[in-house]
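Beneath this line is the structure, given in structure tokens, with notes to follow.
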Amino acid sequence: MDLTLSPAQLELQARARRYVTDVLQPLEVEFERAGGTLAPEIGRGLRKAAIAANLHGGSFPSELGGQGWSALDQVLVHEQLGQVTGGLWSYIPGPYNALIHCDPDQRRRYFDPSMRGERSGSYAVTEDGAGSDPRTLASTAIRDASTGEYVLNGEKWFVTGPDDTDFMIFHCNVVDGERRLPTLFLVDYDLPGVTKKHDPDYMHTFADRHPQFLLEDVRVPATAVLGTVGAADELTNEWFVEERIHIGARCSGAMERLLELAVGWATERVQFGQRIYDFQGVSFPLADSAADASAARLLTREAAWLVDAGEDPKVVHAKASLAKLFASEAAFRCADRVVQVFGGRGYMREFAAERFFRELRVDRIWEGTSEIQRLIIARALEKRGVGRVVGQG
Ligand SMILES: Cc1cc2nc3c(=O)[nH]c(=O)nc-3n(C[C@H](O)[C@H](O)[C@H](O)COP(=O)(O)OP(=O)(O)OC[C@H]3O[C@@H](n4cnc5c(N)ncnc54)[C@H](O)[C@@H]3O)c2cc1C
């Protein structure tokens with residue numbers, strides 16, 4: 001494995017860092033105090049600045065308006081994005097990777113405007129009764145033989161997206177006699193029968209909301225199918241694997257910022273006549289956090305490197321779970337330690353440590369909980385062999 005960064009990767013890393021430090025981080029406290037909202041013109045400005053910095057649509061090829069980044073390039077950028085609180089990075093335009101399967105008309109209506117920051121989509125899989133086990137999804141699509149349309153029904157939870165999200169990728173089962181064919185549909189929020197049922201607040205103060213949606217007899221044409229009928233599990237799995245690696249990268253970045261802040265503070269702060277950093281009760285947890293941060297970064301970059309090397313997707317799946325599991329658990333430990341090192345200030349919302357402590361908690365839950373990552377890893381140990389999971393693929 002060669003993880004040497006090329007001059008182009010170093011430039012990309014520096015560019016992403018500048019966007020984070022110069023554009024996003026200065027807004028963090030104001031955003032937190034406003035309860036997670038930004039004036040629309042500021043949001044538009046963030047999107048414009050991301051496009052000007054060529055940070056939008058990173059994973060998509062340049063002929064589709066993206067940046068053509070490798071998996072490792074994406075990780076380098078997400079390591080930087082993880083250093084901002086409030087999930088403000090979600091203002092960077094970019095369609096979900098499943099939209100690569102858009103046909104030309106869908107590309108014009110959904111993909112291209114998402115790339116330009118003019119539309120935002122969500123990806124609705126989870127339901128009230130189906131979380132960790134998506135095999136029990138109850139949402140359905142039934143073909144109306146007289147019109148050729150599909151009639152969609154279902155209730156979706158945690159449908160994540162910024163305030164102005166206006167369409168969803170709806171994961172449901174096409175009912176075909178006895179058969180259930182998992183399928184993705186593109187559904188505009190303003191279609192008759194689509195209702196935002198509840199928009200709860202969460203532990204974090206985030207740029208994205210996570211409302212619940214009800215779809216009642218929503219009629220869509222057959223051209224609303226994304227990809228093909230029956231392909232949803234495969235497409236959603238691609239999203240999970242990519243997103244787990246990105247979570248690993250953002251958690252690594254969060255740990256780096258937490259450590260920078262904690263070391264800066266502890267080497268300045270004096271109690272009992274000496275720097276608190278000189279108390280091992282303060283510096284040793286930071287040393288443990290440095291070990292956590294370094295291990296998380298390596299695991300995540302390794303998973304990305306394996307993707308780029310064309311490794312067996314089943315091994316990549318396990319490696320992505322290893323990275324996500326370790327990095328998300330480590331980042332939460334690290335945030336807890338850094339809150340402690342800041343003392344009472346660590347409990348104040350205007351200090352980044354407090355915000356990270358709340359925000360990093362969800363990384364152990366979404367895109368598959370830590371327990372589900374352990375299930376994937378345990379199965380891979382048995383099926384692929386310890387050497388391929390723990391070694392280099
Ligand atoms: C802020 C937020 C944003 C989200 N965004 C989205 C989104 O955009 N789109 C989307 O579709 N979903 C989204 N989700 C949903 C998220 O993916 C689910 O919450 C997650 O997969 C867990 O499902 P659940 O909440 O139903 O918990 P459950 O599946 O009910 O699990 C409850 C507990 O049981 C444990 N458990 C379950 N099965 C097993 C098992 N086999 N072995 C051991 N333990 C097990 C779990 O680990 C967990 O601790 C989001 C969630 C949150 C909190």
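Identifiers for the structure tokens are assigned positionally: chains receive A, B, ... in sequence, residues are indexed from 1 per chain, and ligands are indexed from 1 in the order shown.
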- [ ] Do a neighbour search on region 371-380 of chain A at 7 Å with only C-alpha atoms, toss out local chain neighbours closer than 4 positions, and write the hits as a ChimeraX atom specification.
- [x] /A:318,321-322,325,384-385,389
TODO: Within 9 Å of Thr223 (chain A), counting only C-alpha atoms, which residues show up once you throw out same-chain ones fewer than 2 positions away? Write them as number ranges by chain, please.
DONE: A: 103, 105-106, 149, 185-186, 220-221, 225-226
Task: Selection near region 48-50 of chain A, 7 Å with only C-alpha atoms, sequence-local residues under 5 positions removed, as a PyMOL selection string - done: chain A and resi 55-56+92
Task: DSSP strand (DSSP E or B) residues within region 51-254 of chain A, as an NGL selection string - done: :A and (121-124 or 140-143 or 150-156 or 161-162 or 167-176 or 179-188 or 194-198 or 208-209 or 212-220 or 225-226)
Taking only residues of chain A that have an atom at most 9 Å from an atom of ligand 1, what is each one's shortest atom pair and its distance in Å to one decimal, using only C-alpha atoms and all ligand atoms, in chain and number order, as a Markdown table?
| residue | atom | partner | partner_atom_place_in_ligand_line | distance |
| --- | --- | --- | --- | --- |
| A:Ser122 | CA | ligand 1 | 8 (O) | 6.2 |
| A:Tyr123 | CA | ligand 1 | 9 (N) | 5.1 |
| A:Ala124 | CA | ligand 1 | 11 (O) | 4.3 |
| A:Val125 | CA | ligand 1 | 11 (O) | 3.4 |
| A:Thr126 | CA | ligand 1 | 11 (O) | 3.9 |
| A:Glu127 | CA | ligand 1 | 26 (O) | 7.1 |
| A:Asp128 | CA | ligand 1 | 26 (O) | 6.8 |
| A:Gly129 | CA | ligand 1 | 26 (O) | 6.9 |
| A:Ala130 | CA | ligand 1 | 26 (O) | 5.7 |
| A:Gly131 | CA | ligand 1 | 26 (O) | 3.1 |
| A:Ser132 | CA | ligand 1 | 29 (O) | 3.6 |
| A:Asp133 | CA | ligand 1 | 29 (O) | 6.2 |
| A:Pro134 | CA | ligand 1 | 21 (O) | 8.6 |
| A:Lys156 | CA | ligand 1 | 11 (O) | 7.4 |
| A:Trp157 | CA | ligand 1 | 12 (N) | 6.6 |
| A:Phe158 | CA | ligand 1 | 4 (C) | 4.5 |
| A:Val159 | CA | ligand 1 | 8 (O) | 4.5 |
| A:Thr160 | CA | ligand 1 | 8 (O) | 3.9 |
| A:Gly161 | CA | ligand 1 | 8 (O) | 7.1 |
| A:Phe170 | CA | ligand 1 | 11 (O) | 8.9 |
| A:His171 | CA | ligand 1 | 11 (O) | 8.3 |
| A:Tyr202 | CA | ligand 1 | 1 (C) | 6.8 |
| A:Met203 | CA | ligand 1 | 1 (C) | 8.3 |
| A:His204 | CA | ligand 1 | 1 (C) | 8.0 |
| A:Phe206 | CA | ligand 1 | 1 (C) | 9.0 |
| A:Asp208 | CA | ligand 1 | 1 (C) | 8.6 |
| A:Arg209 | CA | ligand 1 | 1 (C) | 7.9 |
| A:His210 | CA | ligand 1 | 3 (C) | 5.8 |
| A:Pro211 | CA | ligand 1 | 3 (C) | 9.0 |
| A:Val362 | CA | ligand 1 | 53 (C) | 5.9 |
| A:Asp363 | CA | ligand 1 | 53 (C) | 8.6 |
| A:Arg364 | CA | ligand 1 | 47 (O) | 8.9 |
| A:Ile365 | CA | ligand 1 | 20 (C) | 5.5 |
| A:Trp366 | CA | ligand 1 | 17 (O) | 4.0 |
| A:Glu367 | CA | ligand 1 | 17 (O) | 4.7 |
| A:Gly368 | CA | ligand 1 | 21 (O) | 4.4 |
| A:Thr369 | CA | ligand 1 | 47 (O) | 4.8 |
| A:Ser370 | CA | ligand 1 | 47 (O) | 6.1 |
| A:Glu371 | CA | ligand 1 | 47 (O) | 4.5 |
| A:Ile372 | CA | ligand 1 | 47 (O) | 5.8 |
| A:Gln373 | CA | ligand 1 | 47 (O) | 8.8 |
| A:Arg374 | CA | ligand 1 | 43 (C) | 8.3 |
| A:Leu375 | CA | ligand 1 | 42 (N) | 6.8 |
Open item on the list: Under the rule that only C-alpha atoms are counted, which of A:Leu3, A:Asn54, A:Val315, A:Pro200 is the nearest residue to Gly68 (chain A)?
Closed with: A:Asn54
Task: Spatial neighbours of region 336-347 of chain A, max dist 12 Å, only C-alpha atoms, sep filter under 2 positions, as a PyMOL selection string - done: chain A and resi 254-271+275-277+279-290+292+329-334+349-361
- [ ] For region 69-78 of chain A, please output as a list in words all residues within 8 Å (counting only C-alpha atoms; exclusion window: fewer than 3 positions along the same chain).
- [x]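 With the cut-off at 8 Å, the set is Gln9, Leu12, Gln13, Ala16, Arg17, Gly58, Ser59, Phe60, Pro61, Leu81, Gly82, Ile245, His246, Ile247, Ala249, Arg250, Gly253, Thr300, Arg301, Ala304, Trp305, Val307 and Asp308 of chain A.
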